[in-house]
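Novice: As input, take upload-v9.csv (CSV, C-alpha atoms (C1' of nucleotides)):
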chain,number,residue,atom,x,y,z
A,739,MET,CA,0.0,0.0,0.0
A,740,GLN,CA,2.2,2.8,-1.2
A,741,LEU,CA,3.0,5.0,-4.2
A,742,SER,CA,5.3,3.8,-6.9
A,743,ASN,CA,8.9,4.8,-6.8
A,744,THR,CA,8.4,6.8,-10.0
A,745,SER,CA,5.6,8.9,-8.5
A,746,GLN,CA,7.5,9.5,-5.3
A,747,TYR,CA,10.5,10.6,-7.2
A,748,ALA,CA,8.4,12.9,-9.5
A,749,ILE,CA,6.7,14.6,-6.5
A,750,ARG,CA,10.1,15.2,-4.8
A,751,MET,CA,11.6,16.5,-8.0
A,752,LEU,CA,8.8,19.0,-8.7
A,753,ALA,CA,8.6,20.1,-5.1
A,754,TYR,CA,12.3,20.9,-5.2
A,755,MET,CA,11.9,22.9,-8.4
A,756,ALA,CA,8.9,24.8,-6.9
A,757,ASP,CA,11.1,25.6,-3.9
A,758,LYS,CA,13.8,27.1,-6.0
A,759,LYS,CA,11.5,29.3,-8.0
A,760,ASP,CA,14.1,32.0,-8.2
A,761,SER,CA,16.3,29.9,-10.5
A,762,PRO,CA,14.9,30.1,-14.0
A,763,LEU,CA,16.3,26.6,-14.9
A,764,ILE,CA,17.3,23.6,-12.9
A,765,ASN,CA,19.3,20.8,-14.4
A,766,ALA,CA,19.2,17.1,-13.9
A,767,THR,CA,22.6,16.9,-12.3
A,768,GLU,CA,21.6,19.3,-9.5
A,769,LEU,CA,18.3,17.4,-8.9
A,770,SER,CA,19.9,14.0,-8.9
A,771,GLU,CA,22.6,15.1,-6.4
A,772,ALA,CA,20.2,17.1,-4.2
A,773,LEU,CA,17.5,14.4,-4.0
A,774,HIS,CA,19.7,11.3,-4.3
A,775,ILE,CA,17.8,10.0,-7.3
A,776,PRO,CA,19.7,8.0,-10.0
A,777,TYR,CA,20.6,10.5,-12.8
A,778,LYS,CA,19.5,8.4,-15.7
A,779,PHE,CA,16.3,7.4,-14.1
A,780,LEU,CA,15.6,11.0,-13.2
A,781,THR,CA,16.0,12.2,-16.7
A,782,LYS,CA,13.7,9.5,-17.9
A,783,ILE,CA,11.0,10.5,-15.5
A,784,MET,CA,11.5,14.2,-16.3
A,785,THR,CA,11.0,13.5,-20.0
A,786,GLU,CA,7.6,12.1,-19.1
A,787,LEU,CA,6.8,15.2,-17.1
A,788,VAL,CA,7.7,17.3,-20.1
A,789,LYS,CA,5.4,15.3,-22.3
A,790,ALA,CA,2.6,15.7,-19.8
A,791,ASP,CA,3.2,19.5,-19.9
A,792,LEU,CA,4.0,19.9,-16.3
A,793,VAL,CA,7.5,20.9,-17.1
A,794,VAL,CA,9.2,22.7,-19.9
A,795,SER,CA,12.7,21.8,-20.9
A,796,VAL,CA,15.5,23.8,-22.5
A,797,ARG,CA,18.0,21.6,-24.3
A,798,GLY,CA,21.7,22.3,-24.9
A,799,ARG,CA,24.3,24.1,-22.9
A,800,GLU,CA,22.9,26.2,-20.0
A,801,GLY,CA,19.7,24.2,-20.5
A,802,GLY,CA,17.5,22.6,-17.8
A,803,TYR,CA,14.0,22.3,-16.6
A,804,SER,CA,11.4,24.6,-15.2
A,805,LEU,CA,7.7,24.3,-14.1
A,806,SER,CA,5.3,25.0,-17.0
A,807,LYS,CA,2.9,26.9,-14.8
A,808,LYS,CA,2.5,28.4,-11.3
A,809,ALA,CA,3.3,26.0,-8.5
A,810,SER,CA,-0.1,26.7,-7.0
A,811,ASP,CA,-1.6,25.4,-10.3
A,812,ILE,CA,0.1,22.0,-10.1
A,813,LYS,CA,-1.5,19.5,-7.7
A,814,VAL,CA,0.1,16.3,-6.4
A,815,ASP,CA,-2.8,14.4,-8.0
A,816,ASP,CA,-1.8,15.8,-11.5
A,817,ILE,CA,1.5,14.1,-11.0
A,818,LEU,CA,0.0,10.8,-9.8
A,819,ASN,CA,-2.3,10.7,-12.8
A,820,ILE,CA,0.7,10.7,-15.2
A,821,PHE,CA,1.9,7.5,-13.6
A,822,HIS,CA,-1.5,5.9,-13.1
A,823,ASP,CA,-1.1,6.1,-9.3
A,824,SER,CA,-4.1,8.4,-8.6
A,825,ILE,CA,-7.0,7.0,-6.5
A,826,GLN,CA,-10.1,6.8,-8.7
A,827,ASP,CA,-13.6,7.6,-7.3
A,828,LYS,CA,-14.7,4.0,-8.0
A,829,GLN,CA,-11.5,2.3,-7.0
A,830,CYS,CA,-12.2,-0.7,-4.8
A,831,VAL,CA,-9.8,-1.5,-2.0
A,832,LEU,CA,-10.2,-5.3,-2.8
A,833,GLY,CA,-9.8,-4.8,-6.6
A,834,ILE,CA,-13.4,-5.8,-7.5
A,835,GLY,CA,-14.2,-4.2,-10.8
A,836,PHE,CA,-17.9,-3.7,-10.2
A,837,CYS,CA,-17.8,-2.6,-6.6
A,838,ASN,CA,-20.4,0.0,-6.0
A,839,GLY,CA,-23.6,0.8,-3.9
A,840,MET,CA,-25.5,-2.1,-5.5
A,841,CYS,CA,-22.9,-4.8,-5.3
A,842,LYS,CA,-20.1,-3.8,-3.0
A,843,CYS,CA,-17.0,-5.6,-1.6
A,844,ALA,CA,-16.6,-6.6,2.0
A,845,LEU,CA,-14.6,-3.5,2.9
A,846,HIS,CA,-16.5,-1.0,0.9
A,847,ASP,CA,-18.0,0.9,3.8
A,848,GLN,CA,-14.7,1.0,5.8
A,849,TRP,CA,-12.8,2.2,2.7
A,850,MET,CA,-15.0,5.2,2.0
A,851,GLU,CA,-13.5,7.6,4.6
A,852,PRO,CA,-9.8,6.9,4.2
A,853,LYS,CA,-10.2,6.9,0.4
A,854,ILE,CA,-11.8,10.4,0.4
A,855,LEU,CA,-9.1,11.7,2.7
A,856,LEU,CA,-6.4,10.3,0.5
A,857,GLN,CA,-8.0,11.9,-2.6
A,858,LYS,CA,-8.4,15.2,-0.7
A,859,MET,CA,-4.7,15.1,0.3
A,860,PHE,CA,-3.6,14.5,-3.3
A,861,ARG,CA,-6.1,16.9,-5.0
A,862,ASP,CA,-5.8,19.8,-2.6
A,863,SER,CA,-2.0,19.8,-2.2
A,864,SER,CA,-0.3,22.0,-4.7
A,865,LEU,CA,3.5,22.3,-5.3
A,866,GLU,CA,3.3,25.7,-3.7
A,867,ASP,CA,1.7,24.2,-0.5
A,868,ILE,CA,4.4,21.6,-0.1
A,869,ALA,CA,7.5,23.4,-1.5
A,870,GLY,CA,10.1,24.1,1.2
A,871,LYS,CA,8.1,22.2,3.9
A,872,GLY,CA,10.2,19.8,5.9
A,873,CYS,CA,13.8,19.0,5.0
A,874,LYS,CA,15.5,19.5,1.7
A,875,ILE,CA,15.3,16.0,0.4
B,589,MET,CA,-1.8,3.4,-4.6
B,590,GLN,CA,-3.5,0.0,-3.9
B,591,LEU,CA,-3.0,-3.3,-2.2
B,592,SER,CA,-1.2,-6.1,-4.1
B,593,ASN,CA,-3.3,-8.7,-5.9
B,594,THR,CA,-2.2,-11.3,-3.5
B,595,SER,CA,-3.4,-9.4,-0.4
B,596,GLN,CA,-6.7,-8.6,-2.1
B,597,TYR,CA,-7.2,-12.2,-3.0
B,598,ALA,CA,-6.3,-13.4,0.5
B,599,ILE,CA,-8.7,-11.0,2.2
B,600,ARG,CA,-11.6,-12.1,-0.1
B,601,MET,CA,-10.7,-15.8,0.4
B,602,LEU,CA,-10.7,-15.5,4.2
B,603,ALA,CA,-13.8,-13.4,4.3
B,604,TYR,CA,-15.6,-16.0,2.2
B,605,MET,CA,-14.5,-18.7,4.6
B,606,ALA,CA,-15.6,-16.7,7.6
B,607,ASP,CA,-19.0,-16.2,5.9
B,608,LYS,CA,-19.5,-19.9,5.6
B,609,LYS,CA,-18.6,-20.8,9.2
B,610,ASP,CA,-21.1,-23.6,9.2
B,611,SER,CA,-19.1,-25.7,6.7
B,612,PRO,CA,-16.2,-27.3,8.6
B,613,LEU,CA,-14.0,-27.4,5.5
B,614,ILE,CA,-13.9,-25.4,2.3
B,615,ASN,CA,-11.9,-26.6,-0.6
B,616,ALA,CA,-9.8,-24.7,-3.2
B,617,THR,CA,-12.1,-25.5,-6.1
B,618,GLU,CA,-15.1,-23.9,-4.4
B,619,LEU,CA,-13.2,-20.8,-3.5
B,620,SER,CA,-11.7,-20.5,-6.9
B,621,GLU,CA,-15.0,-20.7,-8.7
B,622,ALA,CA,-16.9,-18.6,-6.2
B,623,LEU,CA,-14.4,-15.8,-6.1
B,624,HIS,CA,-13.0,-16.0,-9.7
B,625,ILE,CA,-9.5,-16.4,-8.5
B,626,PRO,CA,-7.1,-18.7,-10.6
B,627,TYR,CA,-7.1,-22.1,-8.9
B,628,LYS,CA,-3.4,-22.6,-8.9
B,629,PHE,CA,-2.6,-19.2,-7.7
B,630,LEU,CA,-5.2,-19.5,-5.0
B,631,THR,CA,-3.7,-22.7,-3.6
B,632,LYS,CA,-0.3,-21.0,-3.6
B,633,ILE,CA,-1.6,-18.1,-1.5
B,634,MET,CA,-3.5,-20.5,0.7
B,635,THR,CA,-0.4,-22.4,1.5
B,636,GLU,CA,1.2,-19.2,2.7
B,637,LEU,CA,-1.9,-18.5,4.9
B,638,VAL,CA,-1.4,-22.0,6.4
B,639,LYS,CA,2.2,-21.4,7.1
B,640,ALA,CA,1.3,-18.1,8.8
B,641,ASP,CA,-1.2,-20.0,11.0
B,642,LEU,CA,-4.2,-18.1,9.9
B,643,VAL,CA,-5.6,-21.3,8.2
B,644,VAL,CA,-5.5,-25.0,8.9
B,645,SER,CA,-5.5,-27.4,6.1
B,646,VAL,CA,-6.7,-31.0,5.8
B,647,ARG,CA,-5.1,-33.0,3.0
B,648,GLY,CA,-6.5,-35.8,1.1
B,649,ARG,CA,-10.0,-36.7,0.0
B,650,GLU,CA,-12.7,-34.7,1.8
B,651,GLY,CA,-10.0,-32.3,2.8
B,652,GLY,CA,-10.0,-28.5,2.6
B,653,TYR,CA,-9.3,-25.4,4.6
B,654,SER,CA,-10.7,-23.8,7.7
B,655,LEU,CA,-9.8,-20.7,9.7
B,656,SER,CA,-7.4,-21.5,12.5
B,657,LYS,CA,-9.2,-19.2,15.0
B,658,LYS,CA,-12.4,-17.2,15.6
B,659,ALA,CA,-13.2,-14.8,12.7
B,660,SER,CA,-13.3,-12.0,15.3
B,661,ASP,CA,-9.7,-12.8,16.1
B,662,ILE,CA,-8.3,-12.4,12.6
B,663,LYS,CA,-7.9,-8.8,11.5
B,664,VAL,CA,-7.4,-7.6,7.9
B,665,ASP,CA,-4.0,-6.2,9.0
B,666,ASP,CA,-2.9,-9.7,10.0
B,667,ILE,CA,-3.4,-10.7,6.4
B,668,LEU,CA,-1.6,-7.7,5.0
B,669,ASN,CA,1.4,-8.3,7.3
B,670,ILE,CA,2.0,-11.7,5.7
B,671,PHE,CA,2.4,-10.1,2.3
B,672,HIS,CA,4.3,-7.0,3.5
B,673,ASP,CA,1.4,-4.8,2.5
B,674,SER,CA,0.6,-3.4,5.9
B,675,ILE,CA,1.1,0.3,6.6
B,676,GLN,CA,3.9,0.9,9.1
B,677,ASP,CA,3.8,3.7,11.7
B,678,LYS,CA,6.9,5.3,10.2
B,679,GLN,CA,6.0,4.7,6.6
B,680,CYS,CA,6.6,7.9,4.5
B,681,VAL,CA,4.3,8.6,1.6
B,682,LEU,CA,7.2,9.8,-0.4
B,683,GLY,CA,9.4,6.9,0.5
B,684,ILE,CA,12.0,8.8,2.5
B,685,GLY,CA,13.7,6.4,4.8
B,686,PHE,CA,14.4,8.9,7.6
B,687,CYS,CA,11.1,10.9,7.4
B,688,ASN,CA,10.1,11.9,11.0
B,689,GLY,CA,9.4,14.8,13.2
B,690,MET,CA,13.0,16.1,13.0
B,691,CYS,CA,13.5,15.8,9.2
B,692,LYS,CA,10.2,15.2,7.4
B,693,CYS,CA,9.1,14.9,3.8
B,694,ALA,CA,7.1,17.6,2.0
B,695,LEU,CA,3.8,15.7,2.5
B,696,HIS,CA,4.5,14.5,6.0
B,697,ASP,CA,1.8,16.6,7.7
B,698,GLN,CA,-0.9,15.9,5.1
B,699,TRP,CA,-0.2,12.2,5.2
B,700,MET,CA,-0.7,11.9,8.9
B,701,GLU,CA,-4.5,11.8,9.0
B,702,PRO,CA,-5.2,9.4,6.1
B,703,LYS,CA,-2.4,7.1,7.2
B,704,ILE,CA,-4.0,6.8,10.7
B,705,LEU,CA,-7.4,6.2,9.2
B,706,LEU,CA,-6.0,3.5,6.8
B,707,GLN,CA,-4.2,1.8,9.7
B,708,LYS,CA,-7.4,1.9,11.8
B,709,MET,CA,-9.4,0.4,9.0
B,710,PHE,CA,-7.0,-2.5,8.6
B,711,ARG,CA,-6.4,-3.0,12.3
B,712,ASP,CA,-9.9,-2.8,13.5
B,713,SER,CA,-11.7,-4.8,10.8
B,714,SER,CA,-11.9,-8.5,11.7
B,715,LEU,CA,-13.1,-11.2,9.4
B,716,GLU,CA,-16.3,-11.4,11.5
B,717,ASP,CA,-16.9,-7.7,10.8
B,718,ILE,CA,-16.6,-8.0,7.0
B,719,ALA,CA,-17.9,-11.5,6.4
B,720,GLY,CA,-21.2,-11.5,4.5
B,721,LYS,CA,-21.1,-7.8,4.0
B,722,GLY,CA,-21.9,-6.7,0.4
B,723,CYS,CA,-22.1,-9.2,-2.4
B,724,LYS,CA,-20.8,-12.7,-2.5
B,725,ILE,CA,-17.6,-12.1,-4.4
C,316,DT,C1',33.4,26.9,-36.0
C,317,DT,C1',34.4,24.0,-32.4
C,318,DC,C1',33.5,22.3,-27.9
C,319,DA,C1',31.3,21.1,-23.9
C,320,DA,C1',27.0,20.9,-21.4
C,321,DT,C1',22.7,19.7,-21.6
C,322,DT,C1',18.1,17.0,-22.8
C,323,DA,C1',16.0,13.1,-25.7
C,324,DC,C1',15.8,8.6,-27.6
C,325,DT,C1',16.4,3.7,-28.0
C,326,DA,C1',17.4,-0.4,-26.1
C,327,DC,C1',18.8,-3.1,-22.8
C,328,DT,C1',19.3,-5.5,-17.9
C,329,DC,C1',17.6,-6.8,-13.3
C,330,DA,C1',14.2,-7.8,-9.7
C,331,DT,C1',9.8,-8.9,-8.3
C,332,DA,C1',4.8,-9.6,-8.7
C,333,DG,C1',1.6,-12.5,-10.8
C,334,DG,C1',0.4,-16.7,-12.6
C,335,DT,C1',1.0,-21.7,-14.5
C,336,DA,C1',2.3,-26.7,-14.9
C,337,DG,C1',3.2,-31.1,-13.3
C,338,DA,C1',4.3,-34.4,-10.1
C,339,DA,C1',4.3,-35.8,-5.2
C,340,DT,C1',1.9,-36.6,-1.0
C,341,DT,C1',-2.1,-37.5,1.8
C,342,DT,C1',-6.4,-39.7,3.0
C,343,DA,C1',-11.5,-41.1,3.0
C,344,DT,C1',-14.2,-44.2,0.6
C,345,DA,C1',-15.6,-48.0,-2.3
D,388,DT,C1',-6.0,-52.5,-1.6
D,389,DA,C1',-7.0,-49.4,-5.3
D,390,DT,C1',-8.9,-45.1,-6.5
D,391,DA,C1',-10.1,-40.5,-6.6
D,392,DA,C1',-10.1,-36.1,-4.4
D,393,DA,C1',-7.7,-33.1,-2.1
D,394,DT,C1',-3.3,-30.2,-0.5
D,395,DT,C1',1.8,-29.4,-1.2
D,396,DC,C1',6.1,-28.9,-3.5
D,397,DT,C1',9.3,-27.6,-7.1
D,398,DA,C1',10.0,-25.4,-11.0
D,399,DC,C1',8.9,-22.6,-14.4
D,400,DC,C1',6.8,-18.6,-17.4
D,401,DT,C1',5.2,-13.8,-18.2
D,402,DA,C1',4.5,-9.0,-17.4
D,403,DT,C1',5.8,-4.9,-15.2
D,404,DG,C1',8.4,-1.7,-12.3
D,405,DA,C1',13.0,-0.1,-11.5
D,406,DG,C1',17.2,1.2,-13.2
D,407,DT,C1',21.3,1.4,-16.6
D,408,DA,C1',24.0,2.3,-21.0
D,409,DG,C1',25.1,4.5,-25.1
D,410,DT,C1',24.2,7.6,-28.5
D,411,DA,C1',21.8,11.4,-30.9
D,412,DA,C1',20.3,16.0,-31.0
D,413,DT,C1',20.5,20.7,-29.3
D,414,DT,C1',22.6,25.0,-28.1
D,415,DG,C1',25.3,28.7,-25.5
D,416,DA,C1',29.9,30.2,-25.3
D,417,DA,C1',34.9,30.3,-26.2
What is this file in structure tokens?
Specialist:
Amino acid sequence: MQLSNTSQYAIRMLAYMADKKDSPLINATELSEALHIPYKFLTKIMTELVKADLVVSVRGREGGYSLSKKASDIKVDDILNIFHDSIQDKQCVLGIGFCNGMCKCALHDQWMEPKILLQKMFRDSSLEDIAGKGCKI
Amino acid sequence: MQLSNTSQYAIRMLAYMADKKDSPLINATELSEALHIPYKFLTKIMTELVKADLVVSVRGREGGYSLSKKASDIKVDDILNIFHDSIQDKQCVLGIGFCNGMCKCALHDQWMEPKILLQKMFRDSSLEDIAGKGCKI
DNA sequence: TTCAATTACTACTCATAGGTAGAATTTATA
DNA sequence: TATAAATTCTACCTATGAGTAGTAATTGAA
């Protein structure tokens, strides 16, 4: 019961970038060293974030990455959606495809409250909200 | 952000058994057909549940499986623990090994409440609580 | 123009979850 | 005792997540 490594890395990468909003561009080497994420894997993830339009990249010397919009306009849930890690409204904790009010799984009622709280956490938290909170990792 | 297939299957299998507490033994064929879980995979999971002492098995003709204790004494969290799917107290939503009060991740505060609710759901729900709830799946 | 620093692309390896196959073992019943 | 119905064991296969390697493409600066 946890997020994929890819999603965890992506959130940390973007939160770091939001925190350094003064720097126009941040490169992969800095991110990799600051966050202890393998360089090659980080650039692979970043390319997906660029394709998803959360990040813009500048290639070539003096290049790097920057957020494509205001940190307050990028929610954690936007990141999870890219990597299919978001919690869907109809998602069943026991993996039953047709779990709903009519035919529900054994844990349906107990799952409601934590599910809504998780969704709220992911949907309400923007990069601005979380940037600079806690330690620089 | 979801439980492993194995944990989902195991919970459904044990809930089904708790629901049929009148039958002294339930065999793998019945469980496989009732729950639409691949037979061979189901027996593999069941053998792990036997080794973990949540289930007792009777081999040979007329054999099958039964819960090793009262349904009210088996919590969903006991099942998750077998498959390393339980949520640990110190588990960080961003996968930071040393996330705590002193040096916490960017989502540490937001994660607190849903984490506690998830743990509560898993730790408080016994097989007796969930057996027979919802549809027979 | 050349070079070095940067991202992007392609393809691979490795580990693990999910699932399958077949034979061995056990045991009640005919 | 022989058989059939059941669990268990060993070994494998497949798909996917995680991570690596090498090269191509881009571009600012010397």
Novice: Check the smallest atom-to-atom distance from each of C:DT328, C:DT341, C:DT321, C:DT316 to chain A using all atoms listed in the file, then report the winner.
Specialist: C:DT321
Novice: So what do you get for atom CA of Val831 of chain A versus atom CA of Gln596 of chain B, distance-wise?
Specialist: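 If I compute the distance from atom CA of Val831 of chain A to atom CA of Gln596 of chain B, I get 7.7 Å.
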Novice: Given all atoms listed in the file as the basis, pick out the residue of B:His624, B:Ala606, B:Gln590, B:Leu630 nearest to chain C.
Specialist: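 Smallest separation from chain C among the options: B:Leu630.
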Novice: Could you write out as an MDAnalysis selection string the residues of chain C within 9 Å of chain B, counting all atoms listed in the file?
Specialist: chainID C and resid 332:335 340:344
Novice: Hey, list the chain D side of the contact with chain A: 9 Å cut-off, only C-alpha atoms (C1' of nucleotides), answer as a PyMOL selection string.
Specialist: chain D and resi 404-407+412-416
Novice: Show me which bits of chain A are within 6 Å of chain B, counting all atoms listed in the file, as a VMD selection string.
Specialist: chain A and resid 739 to 741 746 823 832 841 to 844 852 855 to 856 868 871 to 873
Novice: Could you tell me, as a PyMOL selection string, which residues have any atom at most 12 Å from (11.9, 11.1, -26.9), counting all atoms listed in the file?
Specialist: (chain A and resi 781-789) or (chain C and resi 322-325) or (chain D and resi 411-412)
Novice: Add whatever atoms are absent from segment 743-753 of chain A to reach all heavy atoms, and provide the output as a PDB file, keeping the file's coordinate frame.
Specialist:
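Wrote it out as part-v9.pdb, contents follow:
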ATOM      1  N   ASN A 743       7.711   4.069  -6.891  1.00  0.00           N
ATOM      2  CA  ASN A 743       8.900   4.800  -6.800  1.00  0.00           C
ATOM      3  C   ASN A 743       8.898   6.030  -7.766  1.00  0.00           C
ATOM      4  O   ASN A 743       9.303   7.139  -7.415  1.00  0.00           O
ATOM      5  CB  ASN A 743      10.148   3.965  -7.181  1.00  0.00           C
ATOM      6  CG  ASN A 743      10.689   3.225  -5.993  1.00  0.00           C
ATOM      7  OD1 ASN A 743      10.010   3.081  -4.977  1.00  0.00           O
ATOM      8  ND2 ASN A 743      11.916   2.750  -6.105  1.00  0.00           N
ATOM      9  N   THR A 744       8.423   5.790  -8.966  1.00  0.00           N
ATOM     10  CA  THR A 744       8.400   6.800 -10.000  1.00  0.00           C
ATOM     11  C   THR A 744       7.571   8.037  -9.509  1.00  0.00           C
ATOM     12  O   THR A 744       8.020   9.179  -9.618  1.00  0.00           O
ATOM     13  CB  THR A 744       7.787   6.263 -11.274  1.00  0.00           C
ATOM     14  OG1 THR A 744       8.529   5.097 -11.651  1.00  0.00           O
ATOM     15  CG2 THR A 744       7.840   7.271 -12.393  1.00  0.00           C
ATOM     16  N   SER A 745       6.386   7.792  -8.953  1.00  0.00           N
ATOM     17  CA  SER A 745       5.600   8.900  -8.500  1.00  0.00           C
ATOM     18  C   SER A 745       6.230   9.612  -7.303  1.00  0.00           C
ATOM     19  O   SER A 745       6.215  10.844  -7.229  1.00  0.00           O
ATOM     20  CB  SER A 745       4.195   8.362  -8.012  1.00  0.00           C
ATOM     21  OG  SER A 745       3.409   7.999  -9.113  1.00  0.00           O
ATOM     22  N   GLN A 746       6.813   8.834  -6.396  1.00  0.00           N
ATOM     23  CA  GLN A 746       7.500   9.500  -5.300  1.00  0.00           C
ATOM     24  C   GLN A 746       8.626  10.352  -5.732  1.00  0.00           C
ATOM     25  O   GLN A 746       8.761  11.503  -5.278  1.00  0.00           O
ATOM     26  CB  GLN A 746       8.051   8.355  -4.326  1.00  0.00           C
ATOM     27  CG  GLN A 746       6.965   7.548  -3.611  1.00  0.00           C
ATOM     28  CD  GLN A 746       7.539   6.421  -2.771  1.00  0.00           C
ATOM     29  OE1 GLN A 746       8.671   5.973  -2.978  1.00  0.00           O
ATOM     30  NE2 GLN A 746       6.759   5.948  -1.808  1.00  0.00           N
ATOM     31  N   TYR A 747       9.434   9.839  -6.662  1.00  0.00           N
ATOM     32  CA  TYR A 747      10.500  10.600  -7.200  1.00  0.00           C
ATOM     33  C   TYR A 747       9.982  11.908  -7.877  1.00  0.00           C
ATOM     34  O   TYR A 747      10.501  13.010  -7.672  1.00  0.00           O
ATOM     35  CB  TYR A 747      11.313   9.828  -8.242  1.00  0.00           C
ATOM     36  CG  TYR A 747      12.217   8.754  -7.688  1.00  0.00           C
ATOM     37  CD1 TYR A 747      12.670   7.725  -8.511  1.00  0.00           C
ATOM     38  CD2 TYR A 747      12.659   8.773  -6.372  1.00  0.00           C
ATOM     39  CE1 TYR A 747      13.516   6.734  -8.030  1.00  0.00           C
ATOM     40  CE2 TYR A 747      13.501   7.780  -5.887  1.00  0.00           C
ATOM     41  CZ  TYR A 747      13.928   6.770  -6.712  1.00  0.00           C
ATOM     42  OH  TYR A 747      14.774   5.790  -6.248  1.00  0.00           O
ATOM     43  N   ALA A 748       8.953  11.749  -8.693  1.00  0.00           N
ATOM     44  CA  ALA A 748       8.400  12.900  -9.500  1.00  0.00           C
ATOM     45  C   ALA A 748       7.929  13.992  -8.525  1.00  0.00           C
ATOM     46  O   ALA A 748       8.184  15.177  -8.758  1.00  0.00           O
ATOM     47  CB  ALA A 748       7.307  12.420 -10.384  1.00  0.00           C
ATOM     48  N   ILE A 749       7.232  13.610  -7.474  1.00  0.00           N
ATOM     49  CA  ILE A 749       6.700  14.600  -6.500  1.00  0.00           C
ATOM     50  C   ILE A 749       7.898  15.351  -5.881  1.00  0.00           C
ATOM     51  O   ILE A 749       7.897  16.584  -5.788  1.00  0.00           O
ATOM     52  CB  ILE A 749       5.856  13.946  -5.444  1.00  0.00           C
ATOM     53  CG1 ILE A 749       4.593  13.365  -6.061  1.00  0.00           C
ATOM     54  CG2 ILE A 749       5.508  14.958  -4.347  1.00  0.00           C
ATOM     55  CD1 ILE A 749       3.818  12.443  -5.125  1.00  0.00           C
ATOM     56  N   ARG A 750       8.914  14.607  -5.480  1.00  0.00           N
ATOM     57  CA  ARG A 750      10.100  15.200  -4.800  1.00  0.00           C
ATOM     58  C   ARG A 750      10.808  16.152  -5.802  1.00  0.00           C
ATOM     59  O   ARG A 750      11.269  17.242  -5.425  1.00  0.00           O
ATOM     60  CB  ARG A 750      10.988  14.174  -4.254  1.00  0.00           C
ATOM     61  CG  ARG A 750      10.383  13.437  -3.043  1.00  0.00           C
ATOM     62  CD  ARG A 750      11.229  12.236  -2.633  1.00  0.00           C
ATOM     63  NE  ARG A 750      12.614  12.603  -2.420  1.00  0.00           N
ATOM     64  CZ  ARG A 750      13.661  11.810  -2.657  1.00  0.00           C
ATOM     65  NH1 ARG A 750      13.462  10.593  -3.138  1.00  0.00           N
ATOM     66  NH2 ARG A 750      14.873  12.232  -2.427  1.00  0.00           N
ATOM     67  N   MET A 751      10.921  15.726  -7.040  1.00  0.00           N
ATOM     68  CA  MET A 751      11.600  16.500  -8.000  1.00  0.00           C
ATOM     69  C   MET A 751      10.870  17.874  -8.265  1.00  0.00           C
ATOM     70  O   MET A 751      11.482  18.955  -8.268  1.00  0.00           O
ATOM     71  CB  MET A 751      11.676  15.775  -9.369  1.00  0.00           C
ATOM     72  CG  MET A 751      12.700  14.647  -9.371  1.00  0.00           C
ATOM     73  SD  MET A 751      12.329  13.296 -10.529  1.00  0.00           S
ATOM     74  CE  MET A 751      12.143  14.136 -12.078  1.00  0.00           C
ATOM     75  N   LEU A 752       9.574  17.787  -8.441  1.00  0.00           N
ATOM     76  CA  LEU A 752       8.800  19.000  -8.700  1.00  0.00           C
ATOM     77  C   LEU A 752       8.709  19.906  -7.495  1.00  0.00           C
ATOM     78  O   LEU A 752       8.714  21.130  -7.622  1.00  0.00           O
ATOM     79  CB  LEU A 752       7.405  18.610  -9.223  1.00  0.00           C
ATOM     80  CG  LEU A 752       7.405  17.898 -10.582  1.00  0.00           C
ATOM     81  CD1 LEU A 752       5.999  17.470 -10.966  1.00  0.00           C
ATOM     82  CD2 LEU A 752       7.985  18.806 -11.659  1.00  0.00           C
ATOM     83  N   ALA A 753       8.624  19.304  -6.316  1.00  0.00           N
ATOM     84  CA  ALA A 753       8.600  20.100  -5.100  1.00  0.00           C
ATOM     85  C   ALA A 753       9.908  20.877  -4.942  1.00  0.00           C
ATOM     86  O   ALA A 753       9.920  22.047  -4.545  1.00  0.00           O
ATOM     87  CB  ALA A 753       8.325  19.235  -3.879  1.00  0.00           C
TER      88      ALA A 753
END
